[in-house]
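K.L.:
Here it is, the structure, as structure tokens.
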Amino acid sequence: MIAIKTEKLTKKYKNKTVVRELDLCVKEGEMYALLGVNGAGKSTTIKMLSCLIRPTSGDAKLMGNSIIGDSTKVKQIISVSPQETSVAPNLTVKENLEFIAGVFGFNKAQAKEKTQQIIAQFDMKEIENSRAKTLSGGWQRRLSIAMALISEPQIIFLDEPTLGLDVLARRDLWKQIEKLKGKITIILTTHYLEEAESLSDCIGIMANGMLKAQGTADELKALAKTDDFEEAFVRIAGDEI
Amino acid sequence: MRTLVFASRNTKEITRDIFTLIFGILFPLVLLVLLSAINSSIPESAGMKLFEITNLVPGISVFGLSFISLFTATLVSKDRCTSFILRLFTSPLKSSQYIVGYTLPLIPMSILQTIICYAASFIFGLEWSADILLAVIVNIPVSVFFIAVGLLCGTIFNDKAVGGVCGALLTNLSAWLSGTWFDLELVGGAFEKIADLLPFVHAVNAGRYALSGEYSKIMPELLWVIGYALVITVIAILLFKHKMKQDK
């Protein structure tokens with residue numbers, strides 16, 4: 001089944017076109033990495049798909065629900081882990097998770113049960129009663145992703161999930177993200193090319209608001225006629241092919 | 001249900017901040033102690049009534065509520081300035097639920113602050129009467145006014161600017177223009193006229209009339225406060241909705 005299908009999705013700010021007639025297709029359960037240099041249109045695409053901003057023209061369907069006509073339904077089936085760590089600083093790990101579960105409509109008992117499950121899944125038992133503001137960057141990011149998952153979304157958007165983390169914390173988070181593969185549709189934006197190459201089933205490369213190419217890492221390397229993924233990215237994003 | 005969940009989170013965020021305790025509760029009490037000490041040093045022959053406890057406590061309790069604006073504004077602006085609000089914007093919460101969720105925890109907090117202020121006044125000679133309960137009730141619309149100001153400031157300013165606007169400007173305005181520290185008639189002129197056009201002095205007067213049992217004089221004063229509270233609440237909601245779209 002198709003999880004996300006965009007149809008000529010476009011966003012303009014005054015005279016500037018930030019995303020231009022984007023047509024992309026993501027299968028259910030797939031991990032799709034959206035790559036591009038700064039200003040390529042990745043974050044705007046994510047914001048449109050998560051109903052944060054309205055497209056200027058075009059549409060997108062998430063599990064068959066339009067982001068324009070059925071945004072309430074879309075919000076019920078998606079979740080976003082924003083670029084910066086987004087946790088409530090004075091709440092404990094447990095309270096943060098219960099809070100998000102409650103906001104998404106779980107009752108108190110369900111929220112507590114879901115929280116315990118996700119704490120176990122993300123190995124956060126030892127820090128469950130620590131306030132979020134006291135956690136390291138890596139733990140905060142892990143909590144942020146756990147908060148995005150607690151509402152049992154069918155599609156999750158991870159916007160630069162490992163940005164600013166040290167290499168150990170990054171690898172640690174990769175492992176957590178890898179565990180989600182196949183269970184849920186994941187849209188990942190990242191600047192770490194090795195992250196996209198090793199984690200993703202499919203990769204889309206955006207430049208100047210347009211989708212330049214999409215496929216597996218091997219397909220993109222073949223398209224760019226190189227064995228090096230970084231070189232393939234540079235050639236595709238830089239319009240060299 | 002979602003609104004209550006959001007309100008509960010806001011309660012925890014506010015009450016777990018040590019500054020809330022210091023400024024919200026301790027600071028008004030310190031002022032009460034200091035001004036009562038000053039009052040006890042003033043000879044009766046001077047005829048100075050301003051710092052008598054029945055005049056003082058309504059003023060201090062209104063001044064204390066200006067810190068509620070600061071707490072509200074800080075919370076809203078901090079949420080707005082971090083990507084935490086982006087996470088919430090992708091949830092099924094509606095803009096009206098945000099406003100109610102921010103406001104709900106602050107009303108009992110304001111009432112509690114007023115009660116503590118009046119309770120502490122017993123030490124300085126305030127005598128028990130049912131009018132004290134009325135004075136506490138009179139402070140509820142005043143609380144709504146200060147919460148609305150906080151919502152408005154939190155919606156407009158970032159978390160750094162909020163400290164200056166609510167922490168310094170509003171507390172000073174509510175101090176100088178409320179007739180708590182000095183008799184506005186003594187200053188007179190434009191200062192008195194401006195003070196009269198703003199809600200602070202009316203809020204204090206309403207409390208004083210409630211405490212002195214002059215019931216018929218309460219509503220004319222309180223209407224000023226209710227009017228300001230309504231207008232500022234509507235502006236805050238409209239601006240918050242507008243900012244919700246803009247901040248995305």
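By convention in this document, the chains of the structure tokens carry letters A, B, ... by their order, each chain's residues are numbered from 1, and ligands are numbered from 1 in the order they are shown.
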Distance cut-off 12 Å, counting only C-alpha atoms - which residues of chain B neighbour chain A? Return them as a count of residues only.
P.N.:
44
K.L.:
Find the spatial neighbours of Cys25 of chain A, counting only C-alpha atoms, within a cut-off of 8 Å - ignore same-chain residues fewer than 4 positions away - and output them as a PyMOL selection string.
P.N.:
chain A and resi 2-6
K.L.:
Could you pull out the alpha helix (DSSP H) residues of segment 175-238 of chain B, going by DSSP on the backbone, and write them as a PyMOL selection string?
P.N.:
chain B and resi 175-176+184-187+189-197+199-212+218-238
K.L.:
Deliver the residues from the most recent selection as a file, using N, CA and C atoms, as a CSV table (one decimal), in the first residue's frame.
P.N.:
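File produced: out_17.csv:
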```csv
chain,number,residue,atom,x,y,z
B,175,ALA,N,2.4,48.9,39.8
B,175,ALA,CA,2.8,49.4,41.1
B,175,ALA,C,2.5,50.9,41.1
B,176,TRP,N,3.0,51.6,40.1
B,176,TRP,CA,2.9,53.1,40.1
B,176,TRP,C,1.5,53.6,39.9
B,184,LEU,N,-2.8,58.7,44.4
B,184,LEU,CA,-2.8,59.3,43.0
B,184,LEU,C,-3.3,60.7,43.0
B,185,GLU,N,-4.2,61.1,43.9
B,185,GLU,CA,-4.7,62.4,43.9
B,185,GLU,C,-3.6,63.4,44.3
B,186,LEU,N,-2.7,62.9,45.1
B,186,LEU,CA,-1.6,63.8,45.5
B,186,LEU,C,-0.7,64.2,44.3
B,187,VAL,N,-0.6,63.3,43.3
B,187,VAL,CA,0.2,63.6,42.1
B,187,VAL,C,-0.7,64.4,41.2
B,189,GLY,N,-3.1,65.8,38.0
B,189,GLY,CA,-2.8,66.1,36.6
B,189,GLY,C,-2.9,64.9,35.7
B,190,ALA,N,-2.0,64.9,34.7
B,190,ALA,CA,-2.1,63.9,33.6
B,190,ALA,C,-1.8,62.5,34.2
B,191,PHE,N,-0.9,62.4,35.2
B,191,PHE,CA,-0.6,61.1,35.8
B,191,PHE,C,-1.9,60.4,36.4
B,192,GLU,N,-2.6,61.2,37.1
B,192,GLU,CA,-3.9,60.7,37.7
B,192,GLU,C,-4.9,60.3,36.6
B,193,LYS,N,-4.9,61.1,35.6
B,193,LYS,CA,-5.9,60.9,34.5
B,193,LYS,C,-5.5,59.6,33.8
B,194,ILE,N,-4.2,59.4,33.5
B,194,ILE,CA,-3.8,58.2,32.8
B,194,ILE,C,-4.1,57.0,33.7
B,195,ALA,N,-3.7,57.1,35.0
B,195,ALA,CA,-4.0,56.0,35.9
B,195,ALA,C,-5.4,55.6,35.9
B,196,ASP,N,-6.3,56.6,35.8
B,196,ASP,CA,-7.7,56.4,35.9
B,196,ASP,C,-8.2,55.7,34.6
B,197,LEU,N,-7.5,55.9,33.5
B,197,LEU,CA,-7.9,55.2,32.3
B,197,LEU,C,-7.5,53.8,32.2
B,199,PRO,N,-6.6,49.9,34.1
B,199,PRO,CA,-7.4,49.1,35.1
B,199,PRO,C,-6.8,49.0,36.5
B,200,PHE,N,-5.5,49.3,36.6
B,200,PHE,CA,-4.8,48.9,37.9
B,200,PHE,C,-5.5,49.6,39.1
B,201,VAL,N,-5.7,50.9,39.1
B,201,VAL,CA,-6.2,51.6,40.2
B,201,VAL,C,-7.7,51.1,40.5
B,202,HIS,N,-8.4,50.8,39.4
B,202,HIS,CA,-9.8,50.3,39.6
B,202,HIS,C,-9.8,48.9,40.3
B,203,ALA,N,-8.8,48.1,39.9
B,203,ALA,CA,-8.7,46.8,40.5
B,203,ALA,C,-8.5,46.9,42.0
B,204,VAL,N,-7.5,47.8,42.4
B,204,VAL,CA,-7.2,48.0,43.8
B,204,VAL,C,-8.4,48.6,44.5
B,205,ASN,N,-9.1,49.6,43.9
B,205,ASN,CA,-10.2,50.2,44.5
B,205,ASN,C,-11.3,49.2,44.8
B,206,ALA,N,-11.6,48.3,43.8
B,206,ALA,CA,-12.6,47.3,43.9
B,206,ALA,C,-12.3,46.4,45.2
B,207,GLY,N,-11.1,46.0,45.3
B,207,GLY,CA,-10.7,45.2,46.5
B,207,GLY,C,-10.9,46.0,47.8
B,208,ARG,N,-10.5,47.3,47.8
B,208,ARG,CA,-10.7,48.1,49.0
B,208,ARG,C,-12.1,48.3,49.4
B,209,TYR,N,-13.0,48.5,48.3
B,209,TYR,CA,-14.4,48.7,48.6
B,209,TYR,C,-15.0,47.3,49.1
B,210,ALA,N,-14.6,46.2,48.6
B,210,ALA,CA,-15.1,44.9,49.1
B,210,ALA,C,-14.7,44.7,50.5
B,211,LEU,N,-13.5,45.1,50.8
B,211,LEU,CA,-13.0,44.9,52.2
B,211,LEU,C,-13.7,45.8,53.2
B,212,SER,N,-14.0,47.0,52.7
B,212,SER,CA,-14.6,48.0,53.6
B,212,SER,C,-16.2,47.9,53.7
B,218,ILE,N,-18.3,48.6,44.3
B,218,ILE,CA,-17.4,47.6,43.7
B,218,ILE,C,-17.5,47.5,42.2
B,219,MET,N,-18.8,47.3,41.7
B,219,MET,CA,-19.0,47.0,40.3
B,219,MET,C,-18.5,48.1,39.4
B,220,PRO,N,-18.8,49.4,39.7
B,220,PRO,CA,-18.3,50.4,38.7
B,220,PRO,C,-16.8,50.3,38.6
B,221,GLU,N,-16.1,50.0,39.6
B,221,GLU,CA,-14.6,49.8,39.5
B,221,GLU,C,-14.3,48.6,38.7
B,222,LEU,N,-15.0,47.5,39.1
B,222,LEU,CA,-14.6,46.2,38.5
B,222,LEU,C,-15.0,46.1,37.0
B,223,LEU,N,-15.9,46.9,36.6
B,223,LEU,CA,-16.3,46.9,35.2
B,223,LEU,C,-15.1,47.4,34.3
B,224,TRP,N,-14.3,48.3,34.8
B,224,TRP,CA,-13.1,48.7,34.1
B,224,TRP,C,-12.2,47.5,33.8
B,225,VAL,N,-12.0,46.7,34.9
B,225,VAL,CA,-11.1,45.6,34.8
B,225,VAL,C,-11.7,44.5,33.9
B,226,ILE,N,-13.0,44.3,34.0
B,226,ILE,CA,-13.6,43.2,33.2
B,226,ILE,C,-13.6,43.6,31.7
B,227,GLY,N,-13.8,44.9,31.5
B,227,GLY,CA,-13.7,45.4,30.1
B,227,GLY,C,-12.3,45.2,29.5
B,228,TYR,N,-11.3,45.6,30.3
B,228,TYR,CA,-9.9,45.4,29.8
B,228,TYR,C,-9.6,43.9,29.6
B,229,ALA,N,-10.1,43.1,30.6
B,229,ALA,CA,-9.8,41.6,30.5
B,229,ALA,C,-10.5,41.0,29.2
B,230,LEU,N,-11.7,41.4,28.9
B,230,LEU,CA,-12.4,40.9,27.7
B,230,LEU,C,-11.6,41.3,26.5
B,231,VAL,N,-11.3,42.6,26.4
B,231,VAL,CA,-10.7,43.1,25.1
B,231,VAL,C,-9.3,42.4,24.9
B,232,ILE,N,-8.6,42.4,26.0
B,232,ILE,CA,-7.2,41.8,25.9
B,232,ILE,C,-7.3,40.3,25.6
B,233,THR,N,-8.2,39.6,26.2
B,233,THR,CA,-8.4,38.2,25.9
B,233,THR,C,-8.7,37.9,24.5
B,234,VAL,N,-9.6,38.7,23.9
B,234,VAL,CA,-10.0,38.5,22.5
B,234,VAL,C,-8.8,38.8,21.6
B,235,ILE,N,-8.1,39.9,21.9
B,235,ILE,CA,-6.9,40.2,21.1
B,235,ILE,C,-5.8,39.1,21.2
B,236,ALA,N,-5.7,38.6,22.4
B,236,ALA,CA,-4.7,37.5,22.6
B,236,ALA,C,-5.0,36.3,21.8
B,237,ILE,N,-6.3,35.9,21.8
B,237,ILE,CA,-6.7,34.7,21.1
B,237,ILE,C,-6.5,34.9,19.6
B,238,LEU,N,-6.9,36.1,19.1
B,238,LEU,CA,-6.8,36.4,17.6
B,238,LEU,C,-5.3,36.4,17.3
```
K.L.:
Using only C-alpha atoms, which protein or nucleic acid residues come within 12 Å of segment 195-200 of chain A? Drop anything in the same chain fewer than 3 positions from it, and give the result as a PyMOL selection string.
P.N.:
chain A and resi 26+29-36+158+160-163+167+170-182+185-192+203-205+214-221+228-230+232-233
K.L.:
Calculated over only C-alpha atoms, which of the candidates B:Phe122, B:Trp181, B:Phe27, B:Phe145 has the smallest distance to Asn55 of chain B?
P.N.:
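Using only C-alpha atoms, the shortest distance to Asn55 of chain B belongs to B:Trp181.
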K.L.:
For each of B:Phe157, B:Phe63, B:Phe51, B:Phe146, take the minimum atom-to-atom distance to Leu177 of chain B, counting only C-alpha atoms, then give the residue where this is smallest.
P.N.:
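Residue with the minimum atom-to-atom distance to Leu177 of chain B: B:Phe63.
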K.L.:
Which parts of segment 53-195 of chain A does DSSP call strand (DSSP E or B) when run on the backbone here, written out as a ChimeraX atom specification?
P.N.:
/A:57-62,65-66,78-81,92,131,155-159,185-189
K.L.:
Enter the distance from atom CA of Thr115 of chain A to atom CA of Arg141 of chain A, in Å, rounded to one decimal.
P.N.:
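About the pair atom CA of Thr115 of chain A and atom CA of Arg141 of chain A: they are 16.4 Å apart.
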K.L.:
Find the residues around Asp239 of chain A up to 12 Å (only C-alpha atoms counted), leave out those fewer than 6 positions away in its own chain, and share them as a ChimeraX atom specification.
P.N.:
/A:205-208,210-213,224,232-233
K.L.:
For all heavy atoms, I'd like the residues from the last selection saved as a PDB file, in the first residue's frame.
P.N.:
```
ATOM      1  N   ILE A 205      16.390  12.901  -3.417  1.00  0.00           N
ATOM      2  CA  ILE A 205      17.321  14.037  -3.336  1.00  0.00           C
ATOM      3  C   ILE A 205      16.627  15.272  -3.892  1.00  0.00           C
ATOM      4  O   ILE A 205      16.170  15.287  -5.028  1.00  0.00           O
ATOM      5  CB  ILE A 205      18.637  13.754  -4.102  1.00  0.00           C
ATOM      6  CG1 ILE A 205      19.353  12.564  -3.439  1.00  0.00           C
ATOM      7  CG2 ILE A 205      19.538  14.989  -4.126  1.00  0.00           C
ATOM      8  CD1 ILE A 205      20.619  12.123  -4.150  1.00  0.00           C
ATOM      9  N   MET A 206      16.544  16.291  -3.030  1.00  0.00           N
ATOM     10  CA  MET A 206      15.891  17.539  -3.433  1.00  0.00           C
ATOM     11  C   MET A 206      16.922  18.640  -3.655  1.00  0.00           C
ATOM     12  O   MET A 206      17.940  18.699  -2.963  1.00  0.00           O
ATOM     13  CB  MET A 206      14.909  18.018  -2.343  1.00  0.00           C
ATOM     14  CG  MET A 206      13.629  17.222  -2.282  1.00  0.00           C
ATOM     15  SD  MET A 206      12.460  17.937  -1.090  1.00  0.00           S
ATOM     16  CE  MET A 206      11.781  19.304  -2.060  1.00  0.00           C
ATOM     17  N   ALA A 207      16.644  19.484  -4.618  1.00  0.00           N
ATOM     18  CA  ALA A 207      17.459  20.689  -4.837  1.00  0.00           C
ATOM     19  C   ALA A 207      16.564  21.747  -5.441  1.00  0.00           C
ATOM     20  O   ALA A 207      15.727  21.436  -6.303  1.00  0.00           O
ATOM     21  CB  ALA A 207      18.637  20.379  -5.754  1.00  0.00           C
ATOM     22  N   ASN A 208      16.713  22.950  -4.981  1.00  0.00           N
ATOM     23  CA  ASN A 208      15.901  24.083  -5.483  1.00  0.00           C
ATOM     24  C   ASN A 208      14.403  23.790  -5.483  1.00  0.00           C
ATOM     25  O   ASN A 208      13.686  24.162  -6.412  1.00  0.00           O
ATOM     26  CB  ASN A 208      16.343  24.473  -6.896  1.00  0.00           C
ATOM     27  CG  ASN A 208      17.797  24.849  -6.932  1.00  0.00           C
ATOM     28  OD1 ASN A 208      18.291  25.546  -6.049  1.00  0.00           O
ATOM     29  ND2 ASN A 208      18.509  24.349  -7.938  1.00  0.00           N
ATOM     30  N   MET A 210      12.897  21.036  -5.931  1.00  0.00           N
ATOM     31  CA  MET A 210      12.448  19.947  -6.814  1.00  0.00           C
ATOM     32  C   MET A 210      13.074  18.625  -6.409  1.00  0.00           C
ATOM     33  O   MET A 210      14.185  18.594  -5.876  1.00  0.00           O
ATOM     34  CB  MET A 210      12.838  20.256  -8.259  1.00  0.00           C
ATOM     35  CG  MET A 210      12.024  21.389  -8.856  1.00  0.00           C
ATOM     36  SD  MET A 210      12.424  21.681 -10.578  1.00  0.00           S
ATOM     37  CE  MET A 210      13.960  22.539 -10.441  1.00  0.00           C
ATOM     38  N   LEU A 211      12.354  17.555  -6.697  1.00  0.00           N
ATOM     39  CA  LEU A 211      12.904  16.222  -6.449  1.00  0.00           C
ATOM     40  C   LEU A 211      13.749  15.858  -7.657  1.00  0.00           C
ATOM     41  O   LEU A 211      13.226  15.652  -8.760  1.00  0.00           O
ATOM     42  CB  LEU A 211      11.753  15.216  -6.258  1.00  0.00           C
ATOM     43  CG  LEU A 211      12.163  13.821  -5.819  1.00  0.00           C
ATOM     44  CD1 LEU A 211      12.733  13.819  -4.412  1.00  0.00           C
ATOM     45  CD2 LEU A 211      10.968  12.870  -5.892  1.00  0.00           C
ATOM     46  N   LYS A 212      15.052  15.772  -7.439  1.00  0.00           N
ATOM     47  CA  LYS A 212      15.960  15.532  -8.570  1.00  0.00           C
ATOM     48  C   LYS A 212      16.028  14.057  -8.933  1.00  0.00           C
ATOM     49  O   LYS A 212      16.172  13.705 -10.098  1.00  0.00           O
ATOM     50  CB  LYS A 212      17.365  16.041  -8.221  1.00  0.00           C
ATOM     51  CG  LYS A 212      17.446  17.533  -8.047  1.00  0.00           C
ATOM     52  CD  LYS A 212      17.343  18.227  -9.391  1.00  0.00           C
ATOM     53  CE  LYS A 212      17.492  19.726  -9.248  1.00  0.00           C
ATOM     54  NZ  LYS A 212      17.409  20.411 -10.528  1.00  0.00           N
ATOM     55  N   ALA A 213      15.979  13.214  -7.906  1.00  0.00           N
ATOM     56  CA  ALA A 213      16.055  11.764  -8.161  1.00  0.00           C
ATOM     57  C   ALA A 213      15.599  11.025  -6.933  1.00  0.00           C
ATOM     58  O   ALA A 213      15.678  11.549  -5.811  1.00  0.00           O
ATOM     59  CB  ALA A 213      17.482  11.368  -8.495  1.00  0.00           C
ATOM     60  N   ALA A 224      24.359   8.213 -10.900  1.00  0.00           N
ATOM     61  CA  ALA A 224      25.414   9.230 -10.923  1.00  0.00           C
ATOM     62  C   ALA A 224      26.745   8.663 -11.428  1.00  0.00           C
ATOM     63  O   ALA A 224      27.741   9.389 -11.496  1.00  0.00           O
ATOM     64  CB  ALA A 224      25.590   9.821  -9.523  1.00  0.00           C
ATOM     65  N   ALA A 232      27.733  10.795  -5.440  1.00  0.00           N
ATOM     66  CA  ALA A 232      26.458  10.677  -6.170  1.00  0.00           C
ATOM     67  C   ALA A 232      25.518  11.807  -5.758  1.00  0.00           C
ATOM     68  O   ALA A 232      24.870  12.440  -6.609  1.00  0.00           O
ATOM     69  CB  ALA A 232      25.818   9.321  -5.877  1.00  0.00           C
ATOM     70  N   PHE A 233      25.486  12.079  -4.448  1.00  0.00           N
ATOM     71  CA  PHE A 233      24.626  13.163  -3.947  1.00  0.00           C
ATOM     72  C   PHE A 233      25.046  14.505  -4.556  1.00  0.00           C
ATOM     73  O   PHE A 233      24.206  15.287  -5.010  1.00  0.00           O
ATOM     74  CB  PHE A 233      24.696  13.223  -2.413  1.00  0.00           C
ATOM     75  CG  PHE A 233      24.017  14.421  -1.827  1.00  0.00           C
ATOM     76  CD1 PHE A 233      22.633  14.478  -1.710  1.00  0.00           C
ATOM     77  CD2 PHE A 233      24.758  15.521  -1.401  1.00  0.00           C
ATOM     78  CE1 PHE A 233      22.011  15.600  -1.185  1.00  0.00           C
ATOM     79  CE2 PHE A 233      24.142  16.640  -0.878  1.00  0.00           C
ATOM     80  CZ  PHE A 233      22.759  16.676  -0.766  1.00  0.00           C
TER      81      PHE A 233
END
```
K.L.:
One decimal, Å: what's the distance from atom CA of Leu223 of chain A over to atom CA of Thr10 of chain A, could you say?
P.N.:
25.8 Å
